[in-house]
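What follows is a short report on a single structure.
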Amino acid sequence: MKTYGPIPGRITLGRGTFDVPPPGYVIEEYFISGRAKRYKIAAAPAGAGLADSRTAPFNTRLLTVRPSTPAAFNGIVLVEWLNVSSGTDAAPEWSYLHREIVRGGYAYIGVSAQKIGLEGSNTGIPGILPLKQADPDRYARLKHPGDAYAFDIFSQASRLALVTGQGGILGELSSRHVIAMGESQSASFLTTYVNVIDPLDKIFDGFLVHSRFRGATPINGNYVPSSQNRDPNYTGLNVIISPCVRVPVLMFITETDLMAPLIGYLPARQADTGLIRTWEVAGTAHADTYVMLGAAIDTGTAPIEALATAFTPISTFFGQVLDSPMNAAPQHHYVLQAALNALAKWVSTGQAPASAPRLAANDGLRPSLMTDALGNALGGVRSPWVDVPTARLSGLGQSPGGFAMLFGSTSPFDSRTLARLYPGGWQEYSRKFSAALSDAISAGHILAADQAEILALAAALWPRQILEN
């Protein structure tokens, strides 16, 4: 495999660009080329008879975000399988986690592992351009043989994180641990990667599998989009993480992921083991206002009022009017940061996070979440936004069409309900919220480093119609 770069000029990723690096960080883009393998299953069970089938040439890109000095590096490299569901490369893990990545001194690599990110598809979001259309001059040379080769392309790109010292894509940095992560479609590929490819390639020290559904991408790379999975005639498989997994795996599951009709993770639930943990997080949706709006402005220095605006429920998505305002819960972002922190400690020290409670769900003919009298989910990883609520926050509640079903819903309480819940007004709410936040921090599900910001955000988001001095 050959590596070219860093490539000067503007980097295209998703709806925006990586033009301005965070303070103390360097952003670079590289092209990598070589020949990738595809695999076939020669015998059951899956993985027992995995064999190389054929190879094909590829030329793809990756981008790095790294501390500018070795002294600022914590030794852990995070490698994201970039998400292509929109019809181009997007980096939802970077979006949700960039604050903790920079604060913690991690290095980050985003890999264009799939063909759609380069070439596009007819199932993406209208108006979203893949790399070769967004910037033809820059990306014209990129070439992908198809997603059957994506697993090996991801492995080859990720091995570059193991190159230490001068001359590698991480500059002078020397990595101690490498963690793979991916959300949604990427999580589906990573599930297969963990079970089938990792036992052979042994590159990673841990995996963050974020927002997967019940299935996994076949080894031939033919991912079935969520919209097709929701066809009543579709029969999918319930895929668990192998009990023989080699390294720690932390799965982060939202309400949408767990309960989405036909595709929900619920029937693929599995018990925690020595190397597997699952966090099912109450009040969260597969995607929300933070990843759509907040991440772009959340630099760590943005005024709290601006950040609060990003958590204001909105009812449109790329011009599509939603049935209900989308999920505006802050906990997806904050709990995911704690999940990364817990996984990094697990990988570094061998100390696993405690098992977390699961969301309360009925798994009969019509599976449903169990909720409290206010409509918020019971069980799961708790946060002050569901234990001291000002709204019903759900991973469900949107129509099943297209991408809308991924965004959950927010139903703000009216003034009468708020007055009944908090007769002492802001002072009572603030006291209860602070106590619930402390409980979440003690449980390891929110980071103490976020406590002051969350309290300020709670004040900014308190419904003004009953705010009391």
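Following the order of the structure tokens, first chain is A, next is B, and so on, with residues numbered from 1 inside each chain and ligands from 1 in the order they appear.
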Neighbours of His333 in chain A within 12 Å (only C-alpha atoms; same-chain residues fewer than 5 positions away dropped), as a ChimeraX atom specification? /A:92-100,210,252,254,281,283-292,294-295,298,311,328,338-340,383,445-447,450,454
Extract, using only C-alpha atoms, all DNA, RNA and protein residues at most 12 Å from Glu453 in chain A, discarding same-chain residues fewer than 2 positions from it, and format them as a list in words. Asp298, Gly300, Thr301, Ala302, Pro303, Ile304, Glu305, Leu307, Ala308, Pro330, Tyr334, Ser434, Leu437, Ile446, Leu447, Ala448, Ala449, Asp450, Gln451, Leu455, Ala456, Leu457, Ala458, Ala459 and Ala460 of chain A
Identify, on the basis of only C-alpha atoms, every residue whose closest approach to Thr123 in chain A does not exceed 8 Å; exclude the query and any residue fewer than 4 positions from it along the same chain; express the result as a list in words.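 Skipping anything fewer than 4 positions along the chain leaves Ser85, Ser86 and Gly87 of chain A.
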From range 237-466 of chain A, collect each residue whose DSSP state is helix (DSSP H, G or I) and return the set as an MDAnalysis selection string. chainID A and resid 255:259 266:268 289:297 304:310 331:349 384:387 404:407 415:421 425:442 448:461 464:466
Skipping near chain neighbours, those fewer than 4 positions away, what residues fall within 8 Å of range 358-374 of chain A using only C-alpha atoms, listed as a PyMOL selection string? chain A and resi 259+266-267+279-282+378-381+392
From range 117-212 of chain A, collect each residue whose DSSP state is strand (DSSP E) and return the set as JSON, numbers by chain. {"A": [177, 178, 179, 180, 181, 182, 183, 206, 207, 208, 209, 210]}
Go ahead and save the residues from that selection, with C-alpha atoms, as a compact mmCIF listing (two decimals), in the first residue's frame.
```txt
# COMPACT_ATOMS: atom_id res chain seq x y z
CA HIS A 177 -3.61 1.80 21.60
CA VAL A 178 -5.96 1.95 18.61
CA ILE A 179 -9.77 1.95 18.93
CA ALA A 180 -12.19 1.53 16.02
CA MET A 181 -15.55 3.26 16.06
CA GLY A 182 -18.52 3.75 13.79
CA GLU A 183 -22.16 4.79 13.93
CA GLY A 206 -11.11 -1.95 21.38
CA PHE A 207 -14.30 -1.14 19.50
CA LEU A 208 -17.01 1.48 20.04
CA VAL A 209 -20.06 0.16 18.16
CA HIS A 210 -22.50 3.07 18.13
```
Using only C-alpha atoms, determine which residues lie at most 8 Å from Ala216 in chain A, disregarding the query and same-chain residues fewer than 6 positions distant; provide the list as a list of chain:residue names.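 These residues fall inside the cut-off: A:Ser188, A:Phe189, A:Thr191, A:Thr192, A:Tyr223, A:Leu237, A:Val239.
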Write the residues you've just listed into a file as a PDB file, in the first residue's frame, and include C-alpha atoms for each of them.
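Printed below is again-v2.pdb as written:
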```
ATOM      1  CA  SER A 188     -23.300  -2.577  10.962  1.00  0.00           C
ATOM      2  CA  PHE A 189     -20.011  -3.061   9.108  1.00  0.00           C
ATOM      3  CA  THR A 191     -20.215  -5.650  13.901  1.00  0.00           C
ATOM      4  CA  THR A 192     -19.141  -7.970  11.105  1.00  0.00           C
ATOM      5  CA  TYR A 223     -25.514  -3.539   3.382  1.00  0.00           C
ATOM      6  CA  LEU A 237     -30.820 -11.989  11.019  1.00  0.00           C
ATOM      7  CA  VAL A 239     -26.493 -10.834  14.999  1.00  0.00           C
TER       8      VAL A 239
END
```
Which one of A:Lys40, A:Arg176, A:Arg54, A:Arg35 sits closest to Lys143 in chain A if you count only C-alpha atoms?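 Closest residue, counting only C-alpha atoms: A:Arg35.
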Nearest residue to Gln114 in chain A out of A:Gly9, A:Gly221, A:Pro248, A:Gly24, using only C-alpha atoms? A:Gly221
Restricting the calculation to only C-alpha atoms: of A:Lys115, A:Arg382, A:Arg246, A:Arg159, which residue gets closest to Val84 in chain A?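 That would be A:Lys115, the residue with the smallest distance to Val84 in chain A.
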Counting only C-alpha atoms, which of A:Met326, A:Ala344, A:Ile125, A:Val388 gets nearest to Ser409 in chain A?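 Residue with the minimum atom-to-atom distance to Ser409 in chain A: A:Met326.
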Which polymer residues have any atom within 12 Å of an atom of Cys244 in chain A, counting only C-alpha atoms, with same-chain residues fewer than 4 positions away left out, as a compact mmCIF listing (two decimals) with C-alpha atoms, in the first residue's frame?
```txt
# COMPACT_ATOMS: atom_id res chain seq x y z
CA GLY A 47 -15.53 -16.84 10.55
CA VAL A 194 -15.43 -7.52 15.09
CA ASN A 195 -16.82 -11.00 14.59
CA VAL A 196 -15.05 -12.05 11.40
CA ASP A 198 -10.62 -8.82 13.81
CA PRO A 199 -9.65 -12.38 14.83
CA ILE A 240 -24.72 -10.71 18.34
CA PRO A 248 -13.17 -4.88 24.64
CA VAL A 249 -16.34 -3.90 22.79
CA THR A 273 -19.30 -10.57 29.32
CA GLY A 274 -15.76 -9.94 30.38
CA LEU A 275 -15.12 -8.11 27.10
CA ILE A 276 -18.59 -6.82 26.12
```
